[in-house]
Each structure stands twice: as C-alpha cells, then as structure tokens.
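Participant: Before anything else, here's the structure in question.
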Amino acid sequence: MTIEIINFLNWLVLWYLIALSLGYIILLAASIPDVFFQFKETELGNFNRLMQSQVMLPVTVIISAYNEENMILDTIYSIIKNTYLHTHILIVNDGSTDKTLEKLTAVFNLKKIHPLVPQKIKTSGKIRDYYTSNFQMNITVIDKENSGKSDSLNIAVNSCRTPLFITLDADTIIEPDAITNIMFYLLTHTNTVAVGGAVYILNGCKYEQGEIIERKMALKPLPALQTCEYMRSFLFNRSGWNTFQGALSYAGAFTLLDHKAVNNIGGFDEENLAQDFEITTHLHEYERKQKRVYTVGYTAAAAAWTDVPTTLKSYWLQRYNWQRDTLRSLLLHKKMCFNPKYGWTGLFTYPFYLFGETLGVCIEFLAYILVVISWYIGILDAYWALLLIGICWGFVTLITMATALMNFITYNKYRKLSDLVWFLFISITENFGFRQFLISARIAGTFGYFFSKKK
Amino acid sequence: MGTKYFFAENILIAESFFIALIVLLTYLSKSYYVLKNTITQKIRLKIQIENFLKSATLKPHNFNLSIFPKNWQRLDLLIEVTQETDSTNTFNEWTKIRAGFIKKIIFPLARNMAIRRNWISRLYAARAFCLLKGGANEEYIIKLTNDKIPLVFLYAARAAVIHDSEKAIFSIIKKMASESWTEQSIFLQAFDDFTNQTYSIIEKILATEMSPNIRSTCYEILCEHVSGPIKWDMTQDLTSKNSRLKIAALKFYAKPEPDSAIPVLIANLKDPEVEVRLIALHRLQMLKAKQAISEITVCLDDSDWWVRISACEALKSLGKEGADAIAAHKPELEKVDFNFTHLKNTWW
C-alpha cells in the first residue's frame, strides 16, 4: 500500500512538473516577442524631446528609507540626474537609527516645513517633521517614527501631489532614462494603472554620485546567484505576463503607479511585507470589479539597479518574508482563482502564481522527500531519479540561458564576455545547494503563513 | 519500465530541442529587429535623403518629386529629416520646397499609415500631420484623435489644432469631455499651438453645445489661451448645478473679466462643494482681491483642511493686510508654507 502511495505521489509530482514547465514555456514564448518589440519601440528615437516637453505629466518618486545612510544619497542623485524633467522626490525616513536624516539634512540643506496633509489613506506612523531642501526645490523629506515600509509608503502617497508616482527602494539606483522609458510605456498603452521596471543587481558594479560607471556581475556567489534569479524574473517572466494582461507582481524597487488607482484601493497593505505583490494583485482585482479597461504592464527598457542581501541569513529572511506575504496576498484575493470574470488574470495568471510560483515550492520539497522515502523503502530507481532531476534542473538552466541570451541581444546590461561566462556557470551550478537553500526559506515562509495568526 | 525511461529520456531530448529552438528564435529575432535596423543603415539613408533635398533646393523650380526613390519612403526618417532641417535651417531654399515635399511625399505615406493596425505606424502618421497645415488629412486626423494609445491621440490632437479643423477640434473636445483627468491634462498641452481661428471654433462650440462636460472642457482649454472679451452669456455656467462646469467656468471667468469676477468668486466661497470654494480662493489669490479679505478669513474655519490652507495662502499673498488677518485669527497658520503648487498638472 505504502509503495503504491509513493508511486502515485511520484507520478503526481511528475505531471505537476510537466504542467508547470509547459506554463513556463508559454511564458517564455510570449516574452521573446514582447522584449524585442519593446526594445524596438525604445529605439524609435526622437522621443526625448517629447518627454522633456511640458506635455508630460509630473511624477513623484517615493523612497521609504530605513537605515540607508550608505546608499540614500546615490539613490537621490540618480533621480536628480534623470532625463525626465517633471520629477518630484519624496523621501520618508522611517525612524532610521543611523545617520540617514543627518546626511540628507547636511547635503540638501533641509529646512523644516509645517504642512497639512490629507488623510486619504489611513496611516499609523507618527510623523515627526516635514523638510524641504533650500536649493533643490523638488525634494521633500518626511521624518517619522518607525512603522514599516507599507505605512511609510502610504504616508508618502497622502503627501504626493502628482497624478503618478514611482516607488523606489532607498538602495536602488535608476538609469538616466529610466523614468522617461517608464513614462513612454504609460503613454503607449491604454489606461495604465501600474508599470513595473526591470531591476538588476548593483552589487559588483562601480558607481559614483548615483551614476553607474561600470556594470559588472558580482564576483561573490550569493549576489551572482541572485543575478540569475532577477534576470529570469524580470526579462522573461514579467515580459511574458504582458501578453496575459500583466503580472501579479512588480518590483517594489521600481514601479510606477497611478495615484488615483492606489487611493481607490486604500493604499498599501500595512500588514504585508510583500507590498509590491499585494498592491498589483489588489489593483487587478479592483479594476476588474469596476469593469474598466486597464493596463498593468512591465517594461524592460526602464532599468534600476538594486543592492541585494550579501549574507545567507539576510537572504533567507528576505525570501521567508516574501513567500509568507505573497501567499497571504494571494489567499486574500482568492476569489480571482479560476474566475472568468477576471479574464486572463483569473483564469491563468492567478492560478499559475498560486499553484506554480508560490505553492510549487511545496511540490518541489515533496519531490526531495519522495526521493529519500523511495530510497529508504527500496523502490528508488537511481536512473529514473537522475533522469527526473536532470529534466528539472535542465529546464531551469534552459530558461536562464534563454533569458541571458535575450539580454545580451537586446538591452545588453552586462557587456563583458567574462560576465557571460560567469553567468552561465552560475546558472548551471545554482541547482546544487543554492536552490535547496532557497526552497528551505520558502517552505519556512509557507509554514510561517499557515501558523501565524495574521491572515 | 521501458516506457517510463523512454518518456523521461524524450523529455530531456525535448528540452535540448527547446534550447536549440530558443537560441535559433533569439538569433532570428535579433536579425529581424536589430540587424535590419542598424544605426549605420539608418544614417546612410538619412544622408541620402538630405543630399536629395539639398540638390532639390538648388533648383527649386525644376524640382521633381516623382523621382524620389520608393525605398527612401520611410516615414520615421522623413519626419526626422524635416524636423532637423526646420530647426537648423541648413538649406536656404528649404522653405520653397518644404510644403511640396510634405504634401507630395510625407502626407500620402502618413495617410496610408494612419489606418494601420500597428500603433507605431499610426504614431508616425499623427506626427507627420503636425508638420504642415493643409492637405486632405482631416478625416485621418479625426480617426487618430480617437485612437486608444495616448501618445497617438496626443499628436493627433496637436495636428488637429495646427490644422484648425473644426470637425477635428470638436472631436478632441468631445473625447476630452469623456476622458479621465490624466488624459485631459495631456490633451490640454496639445493646444499649445492655439490660434485665433481655434478660439473662434471653441467660441462657436460654446454658443451651440449644451453638454456640461463639453462646455467645461472648452473653458479648461480657454483658461490657458484667453484672447479677448467674452462674447457669450456665462451666467448659466457660473451658476450651474454641474460642479465640473461651474469650476471650469469660474476658473476661466477670472481671467478675461477680473473686475466682474471678484463678486462672483466671493459669493462662491460659501458654495457647498469643496472644489468650488478652492477655485474661488485660488482665483481671488491670483487677482490679489484685497476687498475679499474678510470673506477669505471666514474660510480659515472651513471644515475642509485644504480650503483652510488655501485661504491661508491666499491671505498671505495679499500682503500685510492678509498677514494681519491670519495673525488676528489663527497665528499658528502662519507657519504653513508647504506648497507643491509649483508643480503643473496637479490634480486639484
């Protein structure tokens, strides 16, 4: 009986993996024309003049900073150096215990102001002071007690006076044409409520005053492994979802949002640490309910570079939180699942995210356990197991390599041949150890969700 | 068992096949999208077109456009060359052949591209129509003003204003009237090339059209381009129950008729709609209406925070009398100097 159950589970896992792989192949097939088409669009040329004209809408770049004294200035300089003219910068110092505020005060010569801000979105963090720069008129700083990133973003959204805003992480540098390109996407699509930008890994690059001088893949294994992850996630995954009315998640590190749409859904969920996932999913749900024609999209042409965890502990914690709160967010919007009222989002995107991207990790974990049990009860067929593992790992490598190739042909962020070789090496070796470590963090996150009181 | 291995081995083979397929697809896409449009090719073609035009300007009277090669008829390049030549004035005789070149070469291409499914083609068509007034393009411009891509209808709107086409301008106003504020503010910029003819067209629409949304859109456009006394009766609009129309009318009225506007604005400080009270305050501030100080001071106790702050700002802008009114009423409000109003297109 036990053997039959194990065999049944083995086949179940196999068919699950086949279905998941098919889903990824569809996404990959959809992403190739999308990336190339967008690449061609940005080559249209002559749009810089338009983007710098009075025609364009003003945008506020919102940065929530908690203990970011090392990177915050570079982040702000990168926005100031942006080619898009109508940019306002709103920094929320989320109760930093380092010298984030002191640095901002010294460099931008901040002076206190006393605003009255509407409470369109309910917030909990106590605001200490508002500041503005004496010489850089488009900078506003809000100093508040620590209450988390979502609450800080909500406070910033309340203070934001432009119809569009961008959420940017405090340890992220944007490329000079990033805002122009993200605005270009907005203007070339109908009723856009959210646009995600591409995020690359800053670790290993040389940068000065918010400007990247040399783009390079990190030599340290952990950031390099994350380069593979990010490349897969941004160039192929999110581009692929553009064909199916947009992904459920864009990087909080760099996303453009419609102010009014965010107000309509009550802002960012304070309880959720994966606020980028939650806000996009919520926007999908709300816009669909209102029966509006809307666009949620992604553009690889708008690029930002972010600092990623360099220790296993911080990486594990980050992925634990993401998994727990992504699951929380998905289950919060469960009515979308296989619901034809939500179009592609309900019929394909949501189920794929829930059963493939989020709960898929449990199946992968189950697969590892099944190998051990099968070996223990003596039914393990070594050749069969090796074939299956080869298929799975081969598939991940296939996707990564295809993504890398797409990048080298289009936006070509890493130009050195040594980077390509290092990338390919990492994409093959990530299956040995790193992948299992990531699974452990995500499994813990899944348990974290089901065993926590916060639902 | 044999079937199982066969199945798994075939999946592995399939994976390898997909790797090869992806590499091939990527390579083909690269050839199609990147290599086909290499910068050197584009520059070479551009130089050829420029040389053709240069030689044409030497003999403007004998200029024969029929010899313009078909393979040079790329709208993106033609627009670029025209705009660059316009801005640099490279050729002295350019103006003599410009109109003919645009009408005979660019416009036919643009008309063809205006009906394509690909939005990039439609975008180039709309941009081409912005180059010159004239030509039988009205029908195409109207079609493009209803395009679903914002960038296309933005250029089409600009083209409509440049062409001073009554039908096309009415089409834009109708669309603006039904659009969200985001599209509206973009559209308003399309009226940068506003002429007296455009003013007459809008005036005509105001005289005949009764829809509050269309009327309010007309006022929004006129706010930026007032060029004469008001020739139509605004009473109904200023007292309209439709707040969008009332706000737009108030915003506009303060500009051409400041003296008669002040009493109307003061009366509207007590309007139940917050936005109406706000506009009244902003316009009184703009007009430096010192006679309204006592009524504005009442607004310092308004139930809405933004009305209170706007009242404070209005009083501050009215000099010492205004500042004294604040100090006597609510001294703590003097501290308020948080002001984002330097940003254009804000949504209040």
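Identifiers for the structure tokens are assigned positionally: chains receive A, B, ... in sequence, residues are indexed from 1 per chain, and ligands are indexed from 1 in the order shown.
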Starting from chain A, keep only residues with some atom at most 7 Å from an atom of chain B, counting only C-alpha atoms, and report them as a VMD selection string.
Facilitator: chain A and resid 36 40 55 to 57 113 to 115 161 to 163 187 to 190 384 387 to 388 391 395 398 402 406 409
Participant: What lies within 7 Å of stretch 246-249 of chain A using only C-alpha atoms, ignoring chain neighbours under 2 positions off, as a PyMOL selection string?
Facilitator: chain A and resi 238+241-244+251+276-277+280-281+296-297+349
Participant: Could the residues in this selection be written to a file with C-alpha atoms, as a tab-separated table (two decimals), in the first residue's frame?
Facilitator:
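Output below, filename out-v1.tsv:
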```tsv
chain	number	residue	atom	x	y	z
A	238	ARG	CA	7.28	39.61	-16.32
A	241	TRP	CA	2.94	38.16	-18.46
A	242	ASN	CA	2.47	41.33	-20.56
A	243	THR	CA	0.75	39.10	-23.12
A	244	PHE	CA	-1.70	37.92	-20.45
A	251	ALA	CA	9.34	45.02	-8.09
A	276	ASP	CA	4.60	45.23	-4.25
A	277	PHE	CA	2.79	41.93	-4.83
A	280	THR	CA	-0.54	44.90	-8.02
A	281	THR	CA	-2.88	41.99	-7.25
A	296	VAL	CA	-0.84	46.68	-15.85
A	297	GLY	CA	2.45	46.18	-17.60
A	349	THR	CA	-2.20	34.31	-14.12
```
Participant: If you run DSSP over the backbone, which residues in stretch 90-155 of chain B end up alpha helix (DSSP H)? Put them as a VMD selection string.
Facilitator: chain B and resid 94 to 101 107 to 113 119 to 129 138 to 145 150 to 155
Participant: Which residues are close to A:Phe254, i.e. within 7 Å by only C-alpha atoms, leaving aside same-chain residues fewer than 6 positions away? Reply as a list in words.
Facilitator: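 The residues satisfying every condition are Ile166, Thr167, Leu168, Asp169, Gly196, Gly197 and Ala304 of chain A.
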Participant: Restricting the calculation to only C-alpha atoms: of A:Ala404, A:Ala444, A:Met71, A:Leu366, which residue gets closest to A:Asp325?
Facilitator: A:Ala444
Participant: Env of stretch 234-247 of chain B: 9 Å cut, atoms = only C-alpha atoms, seq-sep filter 3 positions within chain, self excluded. Answer as a ChimeraX atom specification.
Facilitator: /B:212-217,219,230,250-253,264,273,275-276,279-280
Participant: Nearest to A:Glu68: which of A:Asp171, A:Thr83, A:Ser314, A:Leu14 is it, counting only C-alpha atoms?
Facilitator: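 With only C-alpha atoms as the atom set, the closest residue is A:Asp171.
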